[in-house]
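Take a look at the structure set out below.
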Amino acid sequence: MTDLSNGMQEAQRIGEASIDADPQETAEWLEALDGVLAHVGKARARYLIERLAAHAHAQGISWDRSRVTPYLNTIAPSEQPRYPGDLEIEARLSAALRWNALAMVVRANRAYGELGGHIASYASASDLFEVGFNHFFRAGPAEAEQAHGGDLVYFQPHSSPGVYARAFLEGFLTEDHLRHYRQEIAGPGLCSYPHPWLMPDFWQFPTGSMGIGPINAIYQARFMRYLQHRGLAQTEGRTVWGFFGDGEMDEPESLGALSLAARERLDNLVFVINCNLQRLDGPVRGNGRVIDELEAQFTGAGWNVIKVLWGSDWDALFARDHAGALARAFADTVDGQFQTFSANDGAYNRARFFSQDPALAQLAASLTDEEIHRLRRGGHDARKLHAAYARALSHKGQPTVILAKTMKGFGMGSAGQGKMTTHQQKKLEFDDLKAFRDRFALPLSDDDVEQLKFYKPKEDSPEMRYLHARRAALGGYLPRRRSMASKGLTVPSMPSWGSFALETQGREMSTTTALVRMLTALLKDPQIGSRVVPIVADEARTFGMANMFRQVGIYAPLGQRYEPEDLGSMLYYREDTRGQILEEGISEAGAISSWIAAATAYSVHDLPMLPFYIYYSMFGFQRIGDLIWAAADQRSRGFLVGATSGRTTLGGEGLQHQDGSSHLAASTIPNCRAYDPAFAYEVATIVEAGMHEMLEAQRDVFYYVTVTNENYAQPSFPHENAAAVREGILKGLYRLPAASAGAARVQLLGSGAILGEAIAAARMLKDDWGIDGAVWSVTSYTELQREAMTVERQARLGEEPAVPYLTATLGATCGPVIAATDYVRALPELVRAYVPRRYVTLGTDGFGRSDTRQALRSFFEVDRANIVIAALKALADDGEIDGAVVRAARTRYEAAQPTSAPAWQR
């Protein structure tokens with residue numbers, strides 16, 4: 001921060017004689033530049049400066065070029081376009097919105113002190129929103145065939161009361177909705193933050209988790225270009241607006257994708273950063289200036305930066321400030337002090353700011369203390385904001401960020417404006433409420449104020465006519481969300497893309513290979529091929545997807561501007577403007593953001609898409625779980641594929657790469673269907689069911705499917721019991737064809753990578769100990785648990801008695817049940833309550849290791865020998881065999897015995 005401030009001060013004081021060895025020469029250079037500006041214009045002046053800088057570098061002259069400009073507005077008053085609206089009417093509408101937003105929060109907390117809510121954030125952001133609502137945010141049409149699909153707006157979550165307040169004036173929400181703010185169970189409630197799951201016809205994007213909105217907005221803008229370039233949708237002219245807080249920009253996801261937006265020239269993207277300089281506990285940068293930091297970061301990343309710091313009230317002061325006193329004072333003031341100025345009155349600001357030097361005092365001499373108090377920051381001035389938004393939309397070749405300086409709690413007076421505690425302000429006393437009413441000239445009586453009565457002008461009033469007219473001119477109202485695509489997609493029959501998986505006849509392959517082969521075939525399908533979106537985070541070759549480079553190409557908005565090194569190969573790295581693969585580099589957060597954009601295109605663009613995001617399973621729910629939760633909130637539809645899954649299949653990679661918990665995380669997401677298939681035909685069955693559910697039935701679910709990189713013999717689909725097998729695969733459990741004609745005395749449950757060990761264990765039980773065992777493939781513990789809990793609840797509520805699928809299926813067998821998984825034991829433990837007999841679970845608890853698969857499975861005690869020992873011990877505990885058999889087995893399989901503590905302790 002010190003470097004930024006020093007650089008800015010140097011830039012501001014470059015003309016001072018104290019650091020200028022030849023002021024006359026300097027003046028001549030500056031006069032020459034002024035002449036170019038006056039007679040030729042800014043474009044020519046900019047060109048000459050750039051040529052001069054390039055020439056200086058060529059001559060070996062180097063310097064530290066500050067990316068921070070003076071703490072002033074980017075757009076001069078002379079460059080502002082005429083304001084197209086009625087400022088008086090807009091001010092009255094803004095006052096009504098501010099009051100209603102405040103009233104719903106205060107009412108809720110007056111009745112229920114625990115509900116929370118936020119007043120101060122919307123108080124600072126109201127004008128940022130309203131200039132957009134009145135003049136810029138274009139709404140999407142109801143008819144899909146119309147050209148403009150509408151702008152997309154990511155709203156700052158803590159400002160949601162203001163968005164509700166506007167929807168109330170528009171007639172979309174009623175007083176009853178506002179009275180049930182944050183009370184969603186007993187009435188027509190309003191959720192705390194933007195949540196599409198809770199308000200599926202209103203909010204489009206979940207932004208409540210800080211940092212998720214910015215990265216999602218960037219990849220949404222990029223996906224719109226992807227659709228345009230591939231000829232799937234007309235997105236030209238549509239803008240993605242992102243409204244975020246300055247404190248929120250500290251989240252890694254907020255800044256992590258800035259370079260992508262600049263690199264791909266996303267001029268359909270506008271960020272508006274609400275720089276009220278304050279986060280939850282205090283200043284964002286008490287001893288520095290966050291606007292300087294953000295300007296440097298966005299400029300360095302290649303964005304167009306527009307600063308809106310000072311309102312129109314300051315223009316006259318700047319015009320009289322020939323000595324640059326204001327700019328010098330701003331350069332010496334840090335954010336903590338700006339916040340203190342916000343929290344105090346005009347007299348304080350005169351004494352502490354304008355009295356810093358005589359030039360400043362002279363500037364303020366003609367102003368009363370009240371006029372000083374009313375000097376607005378740029379983010380509260382509609383004229384300044386309109387000029388910034390208009391310039392952002394006209395700027396080509398770069399994304400734009402608008403840094404708008406505001407006051408947190410603006411208008412809340414002594415109750416909250418600029419105070420450290422203002423973010424937590426939920427209640428206001430009567431005198432504070434009256435002061436707020438008077439500050440914004442609201443037509444409310446003292447009794448109205450006391451009762452926190454919501455205010456809505458009459459429908460035929462100038463305010464309401466203006467509000468509806470402005471939205472009509474912009475295409476309709478927003479936010480609004482489409483719940484269903486106007487047309488679903490017809491899923492092709494499995495033989496056209498997955499027949500090889502049904503008739504494998506023992507051929508060896510991994511389930512990753514099988515899934516990629518299915519994906520490759522789906523890409524060729526004439527019905528849905530163009531809607532398939534393969535997404536990877538720099539691992540396409542690892543997952544065997546290199547053949548897709550040639551087949552459909554990698555999306556690159558500028559095409560391929562180089563000759564790839566492997567051009568002569570069949571699988572060369574081909575980038576194309578119309579490429580279909582989204583290859584996101586080493587960014588799981590970026591890849592899942594692309595997946596979310598594609599998985600919600602049915603709603604956002606009325607265009608159902610079928611995204612497959614394939615990634616190392618360990619880098620899914622663990623690394624980007626928050627983004628996956630947001631995907632669930634946004635009602636995403638698509639496939640997440642956890643490749644190289646499990647803790648023992650990715651042998652040499654070790655601790656941080658081996659996944660033993662993603663299925664447990666997936667089980668916590670209500671609309672995520674999680675499967676861990678072992679065979680190619682299981683994968684095909686799950687993919688087919690998922691496509692039918694998401695594309696044809698248009699249900700708001702998504703699928704998580706884990707696949708492995710281990711090659712083994714793949715059995716063909718068991719056609720003799722096809723219906724039951726298919727049902728079992730989708731419900732989560734089915735029995736494999738018996739290898740022995742004997743009655744099974746023990747039930748072995750295996751899933752994913754460990755099913756093969758369970759099959760081998762059954763052979764060992766028979767060959768070594770003469771015990772028949774049945775083998776079951778558990779494709780989803782999550783689905784088994786959910787179905788069982790549903791049945792359990794129905795019984796508790798007195799509905800028709802039923803038995804969970806798992807209980808009924810295993811109840812028809814005999815003997816103990818042994819479940820082995822490549823995941824932690826907590827996963828099979830999900831269903832313990834529904835297993836009708838002795839139940840033993842084996843899992844890979846603990847940290848991963850680097851070794852061979854066989855060694856790892858022995859180490860974690862999930863290999864065939866340990867399964868056999870567990871089965872024999874369970875039979876002995878049930879009194880079915882003598883304990884000596886167990887001891888003999890331990891001796892026989894000595895290599896499988898632990899030599900120290902359990903794996904989770906090692």
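Quick note on naming: the chains in the structure tokens go A, B, ... in the order shown, residues restart at 1 in each chain, and ligands are numbered from 1 in order of appearance.
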Using only C-alpha atoms, which residues sit within 8 Å of Val536 of chain A once same-chain residues fewer than 4 positions away are excluded, as a PDB file with C-alpha atoms, in the first residue's frame?
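The result, stored in out_7.pdb:
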ATOM      1  CA  ALA A 540      -7.654 -33.982 -20.693  1.00  0.00           C
ATOM      2  CA  ILE A 581     -14.060 -28.298 -25.107  1.00  0.00           C
ATOM      3  CA  LEU A 582     -13.570 -25.809 -22.289  1.00  0.00           C
ATOM      4  CA  GLU A 583      -9.981 -26.429 -21.201  1.00  0.00           C
ATOM      5  CA  GLU A 584      -9.611 -24.161 -18.181  1.00  0.00           C
ATOM      6  CA  GLY A 585      -5.996 -24.625 -17.204  1.00  0.00           C
ATOM      7  CA  ALA A 591     -13.714 -25.045 -14.418  1.00  0.00           C
ATOM      8  CA  TYR A 613     -16.753 -31.558 -15.928  1.00  0.00           C
ATOM      9  CA  ILE A 614     -14.067 -34.226 -15.471  1.00  0.00           C
ATOM     10  CA  TYR A 615     -11.472 -33.709 -12.764  1.00  0.00           C
TER      11      TYR A 615
END
Taking 6 positions as the minimum chain separation for residues in the same chain, which residues sit within 8 Å of Val36 of chain A when counting only C-alpha atoms? Answer as a PyMOL selection string. chain A and resi 42+44-45
The selected residues should be written to file as an mmCIF file, in the first residue's frame (atoms: N, CA and C atoms).
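Generated file (selection_21.cif):
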data_model
loop_
_atom_site.group_PDB
_atom_site.id
_atom_site.type_symbol
_atom_site.label_atom_id
_atom_site.label_comp_id
_atom_site.auth_asym_id
_atom_site.auth_seq_id
_atom_site.Cartn_x
_atom_site.Cartn_y
_atom_site.Cartn_z
ATOM 1 N N LYS A 42 -7.686 13.253 -27.739
ATOM 2 C CA LYS A 42 -7.090 12.318 -26.788
ATOM 3 C C LYS A 42 -6.473 11.102 -27.457
ATOM 4 N N ARG A 44 -4.930 10.793 -30.306
ATOM 5 C CA ARG A 44 -3.592 11.093 -30.806
ATOM 6 C C ARG A 44 -2.603 11.294 -29.653
ATOM 7 N N ALA A 45 -3.056 11.957 -28.598
ATOM 8 C CA ALA A 45 -2.177 12.175 -27.450
ATOM 9 C C ALA A 45 -1.780 10.843 -26.821
#
Nearby residues (only C-alpha atoms) at most 12 Å from segment 49-62 of chain A, same-chain spacing under 6 positions excluded, as a ChimeraX atom specification: /A:29-30,32-33,36-37,42-43
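Separating atom CA of Arg763 of chain A from atom CA of Leu730 of chain A is a distance of 26.6 Å.
The nearest approach to His605 of chain A among the residues A:Gly302, A:Pro495, A:Gly750, A:Gly140, with only C-alpha atoms taken into account, belongs to A:Gly140.
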I need the residue nearest Asp321 of chain A from this list: A:Gln362, A:Gln228, A:Gln634, A:Ser209. Use only C-alpha atoms for the distance. A:Gln362
For the strand (DSSP E) assignment from backbone DSSP, which residues of segment 694-766 of chain A qualify? Please present them as JSON, numbers by chain. {"A": [702, 703, 704, 705, 706, 712, 713, 733, 734, 735, 746, 747, 748, 749, 750]}
Would you put the residues from that selection into a file with N, CA and C atoms, as a PDB file, in the first residue's frame?
ATOM      1  N   PHE A 702     -28.314 -32.705 -10.195  1.00  0.00           N
ATOM      2  CA  PHE A 702     -27.092 -32.956 -10.959  1.00  0.00           C
ATOM      3  C   PHE A 702     -26.458 -34.236 -10.439  1.00  0.00           C
ATOM      4  N   TYR A 703     -25.603 -34.818 -11.271  1.00  0.00           N
ATOM      5  CA  TYR A 703     -25.041 -36.127 -10.978  1.00  0.00           C
ATOM      6  C   TYR A 703     -23.542 -36.014 -10.700  1.00  0.00           C
ATOM      7  N   TYR A 704     -23.112 -36.698  -9.635  1.00  0.00           N
ATOM      8  CA  TYR A 704     -21.690 -36.848  -9.353  1.00  0.00           C
ATOM      9  C   TYR A 704     -21.342 -38.316  -9.542  1.00  0.00           C
ATOM     10  N   VAL A 705     -20.467 -38.604 -10.498  1.00  0.00           N
ATOM     11  CA  VAL A 705     -20.098 -39.980 -10.832  1.00  0.00           C
ATOM     12  C   VAL A 705     -18.586 -40.117 -10.693  1.00  0.00           C
ATOM     13  N   THR A 706     -18.147 -41.070  -9.868  1.00  0.00           N
ATOM     14  CA  THR A 706     -16.713 -41.287  -9.722  1.00  0.00           C
ATOM     15  C   THR A 706     -16.286 -42.460 -10.601  1.00  0.00           C
ATOM     16  N   TYR A 712      -9.321 -53.253 -15.756  1.00  0.00           N
ATOM     17  CA  TYR A 712      -9.646 -54.621 -15.363  1.00  0.00           C
ATOM     18  C   TYR A 712     -10.736 -55.134 -16.285  1.00  0.00           C
ATOM     19  N   ALA A 713     -10.963 -56.444 -16.246  1.00  0.00           N
ATOM     20  CA  ALA A 713     -11.946 -57.072 -17.130  1.00  0.00           C
ATOM     21  C   ALA A 713     -13.345 -56.548 -16.811  1.00  0.00           C
ATOM     22  N   LEU A 733     -27.985 -50.478  -5.137  1.00  0.00           N
ATOM     23  CA  LEU A 733     -27.506 -51.798  -4.738  1.00  0.00           C
ATOM     24  C   LEU A 733     -28.142 -52.888  -5.589  1.00  0.00           C
ATOM     25  N   TYR A 734     -27.333 -53.826  -6.062  1.00  0.00           N
ATOM     26  CA  TYR A 734     -27.878 -55.015  -6.724  1.00  0.00           C
ATOM     27  C   TYR A 734     -26.873 -56.151  -6.587  1.00  0.00           C
ATOM     28  N   ARG A 735     -27.376 -57.380  -6.711  1.00  0.00           N
ATOM     29  CA  ARG A 735     -26.528 -58.552  -6.544  1.00  0.00           C
ATOM     30  C   ARG A 735     -25.928 -58.976  -7.873  1.00  0.00           C
ATOM     31  N   VAL A 746     -22.693 -65.409   3.686  1.00  0.00           N
ATOM     32  CA  VAL A 746     -22.210 -64.067   3.999  1.00  0.00           C
ATOM     33  C   VAL A 746     -22.437 -63.175   2.785  1.00  0.00           C
ATOM     34  N   GLN A 747     -22.741 -61.901   3.052  1.00  0.00           N
ATOM     35  CA  GLN A 747     -23.028 -60.943   1.977  1.00  0.00           C
ATOM     36  C   GLN A 747     -21.867 -59.944   1.901  1.00  0.00           C
ATOM     37  N   LEU A 748     -21.224 -59.870   0.745  1.00  0.00           N
ATOM     38  CA  LEU A 748     -20.081 -58.962   0.555  1.00  0.00           C
ATOM     39  C   LEU A 748     -20.501 -57.787  -0.319  1.00  0.00           C
ATOM     40  N   LEU A 749     -20.406 -56.613   0.252  1.00  0.00           N
ATOM     41  CA  LEU A 749     -20.769 -55.397  -0.476  1.00  0.00           C
ATOM     42  C   LEU A 749     -19.500 -54.679  -0.915  1.00  0.00           C
ATOM     43  N   GLY A 750     -19.367 -54.437  -2.203  1.00  0.00           N
ATOM     44  CA  GLY A 750     -18.234 -53.690  -2.725  1.00  0.00           C
ATOM     45  C   GLY A 750     -18.726 -52.569  -3.617  1.00  0.00           C
TER      46      GLY A 750
END
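Look at Ala390 of chain A: the protein and nucleic acid residues within 9 Å of it, using only C-alpha atoms and passing over chain neighbours fewer than 5 places away, are Pro81, Phe136, Leu385 and His395 of chain A.
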So which residues touch Met494 of chain A within 7 Å, counting only C-alpha atoms, skipping near sequence neighbours fewer than 4 positions away, as number ranges by chain? A: 498-499, 688
Need the shell around Asn268 of chain A: protein/DNA/RNA residues with any atom at most 8 Å away, counting only C-alpha atoms. Skip same-chain ones fewer than 4 positions apart. Format as a PDB file with C-alpha atoms, in the first residue's frame?
ATOM      1  CA  ALA A 221     -19.763 -13.721 -19.608  1.00  0.00           C
ATOM      2  CA  GLY A 237     -25.571  -6.951 -26.809  1.00  0.00           C
ATOM      3  CA  ARG A 238     -26.201  -8.750 -23.528  1.00  0.00           C
ATOM      4  CA  THR A 239     -24.174  -7.572 -20.551  1.00  0.00           C
ATOM      5  CA  VAL A 240     -23.184  -9.323 -17.351  1.00  0.00           C
ATOM      6  CA  LEU A 393     -20.979  -0.202 -22.193  1.00  0.00           C
ATOM      7  CA  PRO A 399     -13.983  -5.806 -19.403  1.00  0.00           C
TER       8      PRO A 399
END
Proximity check segment 106-138 of chain A to segment 243-260 of chain A, 9 Å, nearest pairs one decimal Å, only C-alpha atoms, as CSV:
residue,atom,partner,partner_atom,distance
A:Ser121,CA,A:Gly245,CA,8.8
A:Ala125,CA,A:Phe243,CA,8.9
A:Leu128,CA,A:Phe243,CA,8.4
A:Phe129,CA,A:Phe243,CA,8.4
Could you check the closest approach to Gly150 of chain A for each of A:Glu295, A:Asp845, A:Asp606, A:Glu90 and tell me which residue wins, using only C-alpha atoms?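 So, comparing all the options, the nearest one is A:Asp606.
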Out of A:Trp629, A:Phe298, A:Tyr573, A:Tyr193, which residue has the shortest atom-to-atom distance to Ile592 of chain A when counting only C-alpha atoms? A:Trp629
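Our summary of the geometry notes that atom CA of Ala388 of chain A is positioned 22.5 Å from atom CA of Asp335 of chain A.
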Per-residue DSSP, segment 814-846 of chain A, filtered to helix (DSSP H, G or I), as a VMD selection string: chain A and resid 828 to 834
